[in-house]
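Shown next, in structure tokens, is the structure this report addresses.
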Amino acid sequence: MKSGNTFAAVGGSLLLIYAGNALAQESTVNNDTVVVTGTALKVDTPLLETPRATSVVSDSELEKRSVNRYDQVLRYRSGALSSPYGNDAKADWFFFRGFSGEDSTYQDGLRLFREAGYLWWKTEPFGLERVDFLKGPASILYGEAPPGGIVNAVSKRPTEETQGLFEIQDGNKGHRQVGIDTSGPVTDSGDVRYRFVGLFRDQDGELDGTDNERVYFAPSLAVDLSDDTTLTLLASYQRDHGTPANVFYLPYGSVNDTPFGKVDRDTDLGDNDNDRLEHEQIAVGYELEHTFNDTWEFQQNARLASLDLFLRTAYPSYMLDDRTAQRGLTYRDGSYDAFTIDNRMIGSWYTDNTENTLLVGLDYQHLDADYLSRDNFAYDTIDIFDPHNSGVGEPGDPTYYDQGKEQIGVYVQDQLRLYDRWILLAGARHDSVDVTNKQDGGEDQSYDDTQMSYTGGVMYLGDYGLSPYLSYSESFTPNIGNDLNGDAYQPSEGKQWELGLKYAPNWLDGYVTAAVFDLKESDTLYPSGGASSNQGGERHSRGFELEGVGYVTDNLQVTAAYTYTDVTLDVSDTQKELRAGLIPRHQASLWLDYDFAQGALKGVDLGAGVRYVGTSVDSPQYSDTKVAAYTLYDAMASYDIDSHWTAQVNVTNLTDEDYVSGCDYWCYYGESRSVIGSLKYRW
């Protein structure tokens with residue numbers, strides 16, 4: 001960590017606290033606290049009064065759908081393409097508004113780093129109390145971020161009341177899981193509270209000969225230091241190890257027919273006698289909140305994180321003849337250390353006709369990654385229709401990489417509410433970033449950059465619960481790494497206009513939102529067919545999203561979503577406005593949940609869902625392959641045996657549909673049918 005930026009971050013924290021104290025002494029206006037979620041604007045604000053498209057998924061919904069992988073949490077929300085790479089369990093994968101969400105993952109408002117040579121942080125859904133999805137560019141508040149949006153996981157934290165959950169699961173594909181979640185006060189006064197979340201999961205992979213075992217636990221402690229100050233300590237440990245599934249298939253034999261038929265979806269074209277994944281991550285952090293008076297509040301959250309990885313996995317790269325493919329090897333052994341801190345001063349004051357909320361913040365993030373690569377693009381050959389009839393190659397020559405990033409940002413945002421009708425939003429941010437990009441025997445391609453980001457929005461709170469809005473937002477991404485020619489990536493920049501409508505009438509316990517958007521990113525990354533991406537041109541996404549969540553009766557809850565996304569890509573002077581690979585134009589989903597509250601079926605809860613994903617294409621610079629649309633069905637049934645015990649069964653892909661989720665040079669089979677039964681005890 002560079003001492004100058006460290007000093008600036010700490011000094012900025014002290015400056016914000018000092019400014020808050022000074023302003024607090026001058027303030028005499030009372031303020032009523034609004035408690036909702038702070039992801040969209042970093043200030044607790046009702047989402048239906050936010051001029052941005054945002055979705056929230058609660059822990060009760062995750063539990064009802066028995067979500068065991070993080071990239072499944074947004075399956076029933078608009079604007080997100082979940083699990084685009086099918087069965088890949090090495091990481092959590094999303095696309096947001098047609099853009100990769102690889103660097104869009106946050107937890108408790110702080111970035112989870114996923115870059116620098118397959119060093120990808122993973123998130124365990126059992127440890128979450130909520131997931132917030134902010135659609136579109138978010139750099140005004142979060143610094144570097146891809147333009148499609150961010151997804152923020154909110155950790156389970158201590159509760160004021162004693163509560164607990166013990167759960168066991170069993171299912172097909174060798175699925176076994178035990179989880180515990182207990183929380184409550186430590187002291188009689190309740191000023192110290194604890195929570196402990198723990199999980200063990202063992203399961204076979206989707207492909208023959210693959211498996212994974214996960215151990216996870218997350219202790220936390222909340223302490224009321226005074227009536228005005230609360231400190232919450234958050235920690236987590238997670239370890240995955242097993243034989244990773246090679247999810248890469250060529251269009252030949254997966255989407256396209258061959259004289260020998262197609263490769264079965266459970267066929268592993270990797271080298272599972274030698275492939276291995278060892279992934280360990282640790283995080284320790286805190287959240288500090290201090291209220292000066294009715295007007296001013298200071299918030300600070302920070303996290304130290306460490307990740308260690310060993311990954312060895314073989315994959316088919318291209319066909320040599322009708323049966324034989326050249327196979328490559330990905331081999332990485334490395335680690336990273338990361339530190340992030342975010343400091344915020346929030347001031348709110350009122351007049352008879354106005355309500356104003358000012359946010360001033362300073363954040364800092366530092367990533368230091370070192371890893372060994374022994375990739376071999378000519379590892380061996382494999383008969384894709386008889387994978388046992390193949391050779392075994394050796395890892396390539398070792399190359400050592402030193403990569404990292406240091407960023408400090410200062411931001412300001414103002415929300416103004418006029419006459420309980422108009423909401424005006426404006427913000428600006430300045431970032432300075434230093435990118436480290438070195439390798440042994442190669443040119444030092446480190447660089448530094450500065451960036452200004454802006455946002456603005458206007459919303460009208462109309463009658464009958466109808467609230468139209470218009471917003472503008474920007475993003476930037478200082479990319480780490482090199483293209484296939486060895487050239488360092490340049491920063492990418494995004495800009496978006498969004499026009500939307502939010503509907504929340506008094507008679508509906510829920511909401512309906514609609515939005516149209518126009519989103520562009522310059523100097524975008526796109527698949528190369530190799531171990532790294534290419535860069536250049538522009539990625540342009542235009543779309544429409546419709547989403548509704550609510551109770552239509554006291555017992556029946558409906559969750560519905562529709563997404564239209566048209567994404568084009570410029571890859572050269574002669575290849576412009578090509579339809580982007582992997583991204584379907586149409587997606588739709590519907591989940592119905594009915595809870596029997598009385599009668600003979602009292603205690604029974606039934607759920608059913610359908611997910612439609614439209615046709616997509618391969619990355620057009622590589623092939624004209626088209627991927628067929630598919631429709632999947634999910635179901636759930638639970639029964640409250642008594643006030644403590646609940647039995648539940650979940651089925652995903654009920655009809656066991658055999659489908660390809662998409663192609664971007666490689667193609668990816670989707671998840672087969674999953675059946676999980678669980679027994680839960682609550683206290």
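The chains in the structure tokens are called A, B, ... from first to last as shown; in each chain the residues are counted from 1, and the ligands are counted from 1 in the order shown.
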Close residues, A:Lys495 itself excluded, 8 Å, only C-alpha atoms, min 2 positions apart in chain, as a ChimeraX atom specification: /A:137,147,472-475,493,497,519-521
Every residue of stretch 149-263 of chain A that DSSP places in strand (DSSP E or B), as a PyMOL selection string: chain A and resi 149-155+163-171+176-185+192-204+211-224+229-243+249+252+256
Which residue of A:Asp240, A:Asp188, A:Glu498, A:Asp363 approaches A:Asn301 most closely, using only C-alpha atoms: A:Asp363
Distance of atom CA of A:His175 from atom CA of A:Asp92, expressed in Å to one decimal place: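 Going from atom CA of A:Asp92 over to atom CA of A:His175, I get 18.6 Å.
Closest approach to A:Pro620 among A:Asp266, A:Asp640, A:Glu577, A:Asp414: A:Glu577, based on only C-alpha atoms.
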6 Å contact set for A:Tyr551, only C-alpha atoms, chain neighbours under 3 positions out, as a list in words: Asp509, Leu556 and Gln557 of chain A
Atom pair atom CA of A:Tyr669 / atom CA of A:Asp204: separation (Å):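 Those two atoms sit 16.3 Å apart.
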Nearest to A:Thr291 by atom-to-atom distance, counting only C-alpha atoms, from A:Thr229, A:Thr123, A:Ser678, A:Thr210: A:Thr229
Near-A:Gly334 list (10 Å; only C-alpha atoms; drop same-chain fewer than 5 positions) as a ChimeraX atom specification: /A:116-119,307-311,369-373,400-401
With all heavy atoms retained, export the selected residues as a compact mmCIF listing (two decimals), in the first residue's frame.
```
# COMPACT_ATOMS: atom_id res chain seq x y z
N ALA A 116 -7.20 -10.60 -11.99
CA ALA A 116 -5.80 -10.97 -11.80
C ALA A 116 -5.61 -12.49 -11.79
O ALA A 116 -5.21 -13.07 -10.78
CB ALA A 116 -5.24 -10.35 -10.52
N GLY A 117 -5.92 -13.14 -12.90
CA GLY A 117 -5.55 -14.54 -13.06
C GLY A 117 -6.42 -15.54 -12.35
O GLY A 117 -5.93 -16.38 -11.60
N TYR A 118 -7.75 -15.46 -12.54
CA TYR A 118 -8.70 -16.42 -11.98
C TYR A 118 -8.80 -16.36 -10.45
O TYR A 118 -9.32 -17.27 -9.82
CB TYR A 118 -8.39 -17.86 -12.41
CG TYR A 118 -8.53 -18.08 -13.90
CD1 TYR A 118 -7.48 -17.83 -14.77
CD2 TYR A 118 -9.74 -18.54 -14.42
CE1 TYR A 118 -7.61 -18.03 -16.13
CE2 TYR A 118 -9.88 -18.74 -15.79
CZ TYR A 118 -8.81 -18.49 -16.63
OH TYR A 118 -8.95 -18.68 -17.99
N LEU A 119 -8.28 -15.30 -9.85
CA LEU A 119 -8.43 -15.11 -8.42
C LEU A 119 -9.80 -14.45 -8.18
O LEU A 119 -9.92 -13.24 -8.08
CB LEU A 119 -7.30 -14.24 -7.87
CG LEU A 119 -5.89 -14.82 -8.07
CD1 LEU A 119 -4.83 -13.81 -7.68
CD2 LEU A 119 -5.71 -16.10 -7.27
N LEU A 307 -7.13 -14.14 -0.38
CA LEU A 307 -7.58 -15.28 -1.19
C LEU A 307 -6.37 -16.06 -1.68
O LEU A 307 -5.40 -15.46 -2.15
CB LEU A 307 -8.43 -14.79 -2.37
CG LEU A 307 -9.13 -15.83 -3.25
CD1 LEU A 307 -10.39 -15.24 -3.85
CD2 LEU A 307 -8.22 -16.30 -4.39
N ASP A 308 -6.45 -17.39 -1.58
CA ASP A 308 -5.42 -18.28 -2.10
C ASP A 308 -6.07 -19.25 -3.08
O ASP A 308 -7.15 -19.79 -2.81
CB ASP A 308 -4.75 -19.08 -0.98
CG ASP A 308 -3.88 -18.20 -0.11
OD1 ASP A 308 -2.78 -17.83 -0.56
OD2 ASP A 308 -4.30 -17.90 1.02
N LEU A 309 -5.38 -19.50 -4.20
CA LEU A 309 -5.95 -20.32 -5.26
C LEU A 309 -4.91 -21.24 -5.88
O LEU A 309 -3.78 -20.81 -6.16
CB LEU A 309 -6.55 -19.43 -6.37
CG LEU A 309 -7.02 -20.17 -7.63
CD1 LEU A 309 -8.36 -20.85 -7.37
CD2 LEU A 309 -7.12 -19.20 -8.81
N PHE A 310 -5.31 -22.48 -6.08
CA PHE A 310 -4.61 -23.37 -7.01
C PHE A 310 -5.65 -23.93 -7.96
O PHE A 310 -6.64 -24.53 -7.53
CB PHE A 310 -3.89 -24.51 -6.30
CG PHE A 310 -3.27 -25.48 -7.27
CD1 PHE A 310 -2.09 -25.17 -7.93
CD2 PHE A 310 -3.88 -26.70 -7.55
CE1 PHE A 310 -1.53 -26.05 -8.84
CE2 PHE A 310 -3.32 -27.59 -8.46
CZ PHE A 310 -2.14 -27.26 -9.11
N LEU A 311 -5.46 -23.70 -9.25
CA LEU A 311 -6.40 -24.15 -10.26
C LEU A 311 -5.64 -24.80 -11.41
O LEU A 311 -4.72 -24.21 -11.97
CB LEU A 311 -7.22 -22.97 -10.80
CG LEU A 311 -8.12 -23.27 -12.01
CD1 LEU A 311 -9.23 -24.25 -11.62
CD2 LEU A 311 -8.71 -21.98 -12.57
N ALA A 369 -1.91 -8.66 -6.02
CA ALA A 369 -2.05 -10.05 -6.47
C ALA A 369 -0.74 -10.54 -7.08
O ALA A 369 -0.10 -9.83 -7.87
CB ALA A 369 -3.17 -10.15 -7.51
N ASP A 370 -0.37 -11.75 -6.70
CA ASP A 370 0.82 -12.41 -7.26
C ASP A 370 0.43 -13.84 -7.60
O ASP A 370 -0.15 -14.55 -6.77
CB ASP A 370 1.97 -12.42 -6.24
CG ASP A 370 2.42 -11.02 -5.86
OD1 ASP A 370 3.13 -10.41 -6.66
OD2 ASP A 370 2.03 -10.58 -4.76
N TYR A 371 0.76 -14.26 -8.80
CA TYR A 371 0.42 -15.63 -9.16
C TYR A 371 1.37 -16.17 -10.22
O TYR A 371 2.02 -15.43 -10.96
CB TYR A 371 -1.03 -15.73 -9.65
CG TYR A 371 -1.34 -14.98 -10.93
CD1 TYR A 371 -1.26 -15.61 -12.18
CD2 TYR A 371 -1.75 -13.65 -10.90
CE1 TYR A 371 -1.56 -14.94 -13.34
CE2 TYR A 371 -2.05 -12.97 -12.06
CZ TYR A 371 -1.96 -13.62 -13.28
OH TYR A 371 -2.26 -12.94 -14.43
N LEU A 372 1.41 -17.49 -10.26
CA LEU A 372 2.20 -18.23 -11.23
C LEU A 372 1.26 -18.80 -12.28
O LEU A 372 0.24 -19.41 -11.94
CB LEU A 372 2.95 -19.37 -10.54
CG LEU A 372 3.51 -20.50 -11.43
CD1 LEU A 372 4.66 -19.97 -12.28
CD2 LEU A 372 3.95 -21.68 -10.58
N SER A 373 1.60 -18.59 -13.54
CA SER A 373 0.84 -19.18 -14.64
C SER A 373 1.71 -20.19 -15.37
O SER A 373 2.86 -19.89 -15.71
CB SER A 373 0.38 -18.08 -15.62
OG SER A 373 -0.16 -18.67 -16.80
N TYR A 400 5.62 -15.57 -13.92
CA TYR A 400 5.17 -14.97 -12.66
C TYR A 400 4.59 -13.58 -12.95
O TYR A 400 5.19 -12.78 -13.67
CB TYR A 400 6.32 -14.88 -11.66
CG TYR A 400 6.80 -16.23 -11.20
CD1 TYR A 400 7.82 -16.89 -11.88
CD2 TYR A 400 6.24 -16.85 -10.08
CE1 TYR A 400 8.26 -18.14 -11.47
CE2 TYR A 400 6.68 -18.09 -9.66
CZ TYR A 400 7.69 -18.73 -10.35
OH TYR A 400 8.12 -19.97 -9.94
N TYR A 401 3.43 -13.32 -12.35
CA TYR A 401 2.74 -12.06 -12.56
C TYR A 401 2.61 -11.30 -11.24
O TYR A 401 2.33 -11.88 -10.19
CB TYR A 401 1.34 -12.30 -13.13
CG TYR A 401 1.33 -12.79 -14.55
CD1 TYR A 401 1.45 -14.15 -14.84
CD2 TYR A 401 1.19 -11.90 -15.62
CE1 TYR A 401 1.44 -14.61 -16.13
CE2 TYR A 401 1.18 -12.35 -16.92
CZ TYR A 401 1.31 -13.70 -17.18
OH TYR A 401 1.30 -14.16 -18.47
```
Residue neighbourhood A:Asp375, 12 Å, only C-alpha atoms, exclusion window fewer than 5 positions, as number ranges by chain: A: 117, 311-315, 327-333, 393-400, 530-532
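For the residues A:Gly599, A:Gly171, A:Gly609, A:Gly500, ranking by smallest atom-to-atom distance to A:Asn653 using only C-alpha atoms places A:Gly609 first.
Restricting the calculation to only C-alpha atoms, the smallest distance between A:Tyr622 and any of A:Gly149, A:Pro251, A:Gly209, A:Gly98 is found for A:Pro251.
In terms of minimum interatomic distance to A:Asp605, A:Asp593 ranks closest within A:Glu102, A:Glu289, A:Asp593, A:Glu538, counting only C-alpha atoms.
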Atomic distance atom CA of A:Leu48 - atom CA of A:Tyr511, expressed in Å with one decimal: 8.1 Å
Residue contacts of A:Ala426 (9 Å, only C-alpha atoms) excluding same-chain residues fewer than 3 positions away, as a VMD selection string: chain A and resid 412 to 416 454 to 458
Emit the selected residues as a PDB file, in the first residue's frame, including all heavy atoms.
```pdb
ATOM      1  N   VAL A 412     -19.563  13.267  -3.982  1.00  0.00           N
ATOM      2  CA  VAL A 412     -20.604  14.065  -3.340  1.00  0.00           C
ATOM      3  C   VAL A 412     -21.908  13.817  -4.087  1.00  0.00           C
ATOM      4  O   VAL A 412     -21.920  13.683  -5.309  1.00  0.00           O
ATOM      5  CB  VAL A 412     -20.240  15.570  -3.342  1.00  0.00           C
ATOM      6  CG1 VAL A 412     -20.038  16.088  -4.757  1.00  0.00           C
ATOM      7  CG2 VAL A 412     -21.304  16.387  -2.617  1.00  0.00           C
ATOM      8  N   GLN A 413     -22.982  13.730  -3.328  1.00  0.00           N
ATOM      9  CA  GLN A 413     -24.306  13.487  -3.916  1.00  0.00           C
ATOM     10  C   GLN A 413     -25.348  14.239  -3.111  1.00  0.00           C
ATOM     11  O   GLN A 413     -25.287  14.278  -1.877  1.00  0.00           O
ATOM     12  CB  GLN A 413     -24.613  11.995  -3.906  1.00  0.00           C
ATOM     13  CG  GLN A 413     -26.018  11.634  -4.395  1.00  0.00           C
ATOM     14  CD  GLN A 413     -26.276  10.148  -4.256  1.00  0.00           C
ATOM     15  OE1 GLN A 413     -25.995   9.370  -5.158  1.00  0.00           O
ATOM     16  NE2 GLN A 413     -26.802   9.728  -3.104  1.00  0.00           N
ATOM     17  N   ASP A 414     -26.317  14.804  -3.806  1.00  0.00           N
ATOM     18  CA  ASP A 414     -27.377  15.547  -3.124  1.00  0.00           C
ATOM     19  C   ASP A 414     -28.738  15.082  -3.633  1.00  0.00           C
ATOM     20  O   ASP A 414     -28.957  14.969  -4.836  1.00  0.00           O
ATOM     21  CB  ASP A 414     -27.229  17.049  -3.350  1.00  0.00           C
ATOM     22  CG  ASP A 414     -28.149  17.854  -2.446  1.00  0.00           C
ATOM     23  OD1 ASP A 414     -27.919  17.856  -1.229  1.00  0.00           O
ATOM     24  OD2 ASP A 414     -29.110  18.456  -2.962  1.00  0.00           O
ATOM     25  N   GLN A 415     -29.633  14.780  -2.669  1.00  0.00           N
ATOM     26  CA  GLN A 415     -31.014  14.428  -2.975  1.00  0.00           C
ATOM     27  C   GLN A 415     -31.913  15.533  -2.433  1.00  0.00           C
ATOM     28  O   GLN A 415     -31.863  15.846  -1.238  1.00  0.00           O
ATOM     29  CB  GLN A 415     -31.409  13.107  -2.320  1.00  0.00           C
ATOM     30  CG  GLN A 415     -30.578  11.910  -2.714  1.00  0.00           C
ATOM     31  CD  GLN A 415     -30.811  10.753  -1.751  1.00  0.00           C
ATOM     32  OE1 GLN A 415     -29.946  10.397  -0.967  1.00  0.00           O
ATOM     33  NE2 GLN A 415     -32.002  10.167  -1.789  1.00  0.00           N
ATOM     34  N   LEU A 416     -32.745  16.076  -3.296  1.00  0.00           N
ATOM     35  CA  LEU A 416     -33.646  17.154  -2.897  1.00  0.00           C
ATOM     36  C   LEU A 416     -35.081  16.747  -3.211  1.00  0.00           C
ATOM     37  O   LEU A 416     -35.405  16.391  -4.339  1.00  0.00           O
ATOM     38  CB  LEU A 416     -33.308  18.446  -3.639  1.00  0.00           C
ATOM     39  CG  LEU A 416     -34.206  19.654  -3.343  1.00  0.00           C
ATOM     40  CD1 LEU A 416     -34.116  20.041  -1.862  1.00  0.00           C
ATOM     41  CD2 LEU A 416     -33.833  20.828  -4.241  1.00  0.00           C
ATOM     42  N   TYR A 454     -20.189  11.377 -13.284  1.00  0.00           N
ATOM     43  CA  TYR A 454     -21.342  12.216 -12.944  1.00  0.00           C
ATOM     44  C   TYR A 454     -22.623  11.388 -12.980  1.00  0.00           C
ATOM     45  O   TYR A 454     -22.712  10.366 -13.674  1.00  0.00           O
ATOM     46  CB  TYR A 454     -21.467  13.388 -13.921  1.00  0.00           C
ATOM     47  CG  TYR A 454     -20.252  14.279 -13.973  1.00  0.00           C
ATOM     48  CD1 TYR A 454     -19.267  14.080 -14.936  1.00  0.00           C
ATOM     49  CD2 TYR A 454     -20.088  15.316 -13.051  1.00  0.00           C
ATOM     50  CE1 TYR A 454     -18.143  14.888 -14.988  1.00  0.00           C
ATOM     51  CE2 TYR A 454     -18.966  16.129 -13.093  1.00  0.00           C
ATOM     52  CZ  TYR A 454     -18.000  15.913 -14.064  1.00  0.00           C
ATOM     53  OH  TYR A 454     -16.888  16.715 -14.109  1.00  0.00           O
ATOM     54  N   THR A 455     -23.595  11.851 -12.215  1.00  0.00           N
ATOM     55  CA  THR A 455     -24.920  11.244 -12.256  1.00  0.00           C
ATOM     56  C   THR A 455     -25.955  12.322 -11.992  1.00  0.00           C
ATOM     57  O   THR A 455     -25.663  13.359 -11.378  1.00  0.00           O
ATOM     58  CB  THR A 455     -25.051  10.116 -11.223  1.00  0.00           C
ATOM     59  OG1 THR A 455     -26.262   9.395 -11.451  1.00  0.00           O
ATOM     60  CG2 THR A 455     -25.085  10.663  -9.805  1.00  0.00           C
ATOM     61  N   GLY A 456     -27.162  12.079 -12.461  1.00  0.00           N
ATOM     62  CA  GLY A 456     -28.253  13.006 -12.226  1.00  0.00           C
ATOM     63  C   GLY A 456     -29.580  12.310 -12.462  1.00  0.00           C
ATOM     64  O   GLY A 456     -29.654  11.318 -13.193  1.00  0.00           O
ATOM     65  N   GLY A 457     -30.623  12.788 -11.808  1.00  0.00           N
ATOM     66  CA  GLY A 457     -31.930  12.181 -11.993  1.00  0.00           C
ATOM     67  C   GLY A 457     -33.038  13.083 -11.498  1.00  0.00           C
ATOM     68  O   GLY A 457     -32.829  13.954 -10.651  1.00  0.00           O
ATOM     69  N   VAL A 458     -34.228  12.859 -12.041  1.00  0.00           N
ATOM     70  CA  VAL A 458     -35.415  13.581 -11.610  1.00  0.00           C
ATOM     71  C   VAL A 458     -36.569  12.591 -11.580  1.00  0.00           C
ATOM     72  O   VAL A 458     -36.682  11.718 -12.445  1.00  0.00           O
ATOM     73  CB  VAL A 458     -35.728  14.777 -12.539  1.00  0.00           C
ATOM     74  CG1 VAL A 458     -35.918  14.321 -13.983  1.00  0.00           C
ATOM     75  CG2 VAL A 458     -36.948  15.544 -12.046  1.00  0.00           C
TER      76      VAL A 458
END
```
Residues near A:Ser155, cut-off 7 Å, only C-alpha atoms, skip fewer than 5 positions along chain, as a ChimeraX atom specification: /A:108,127-129
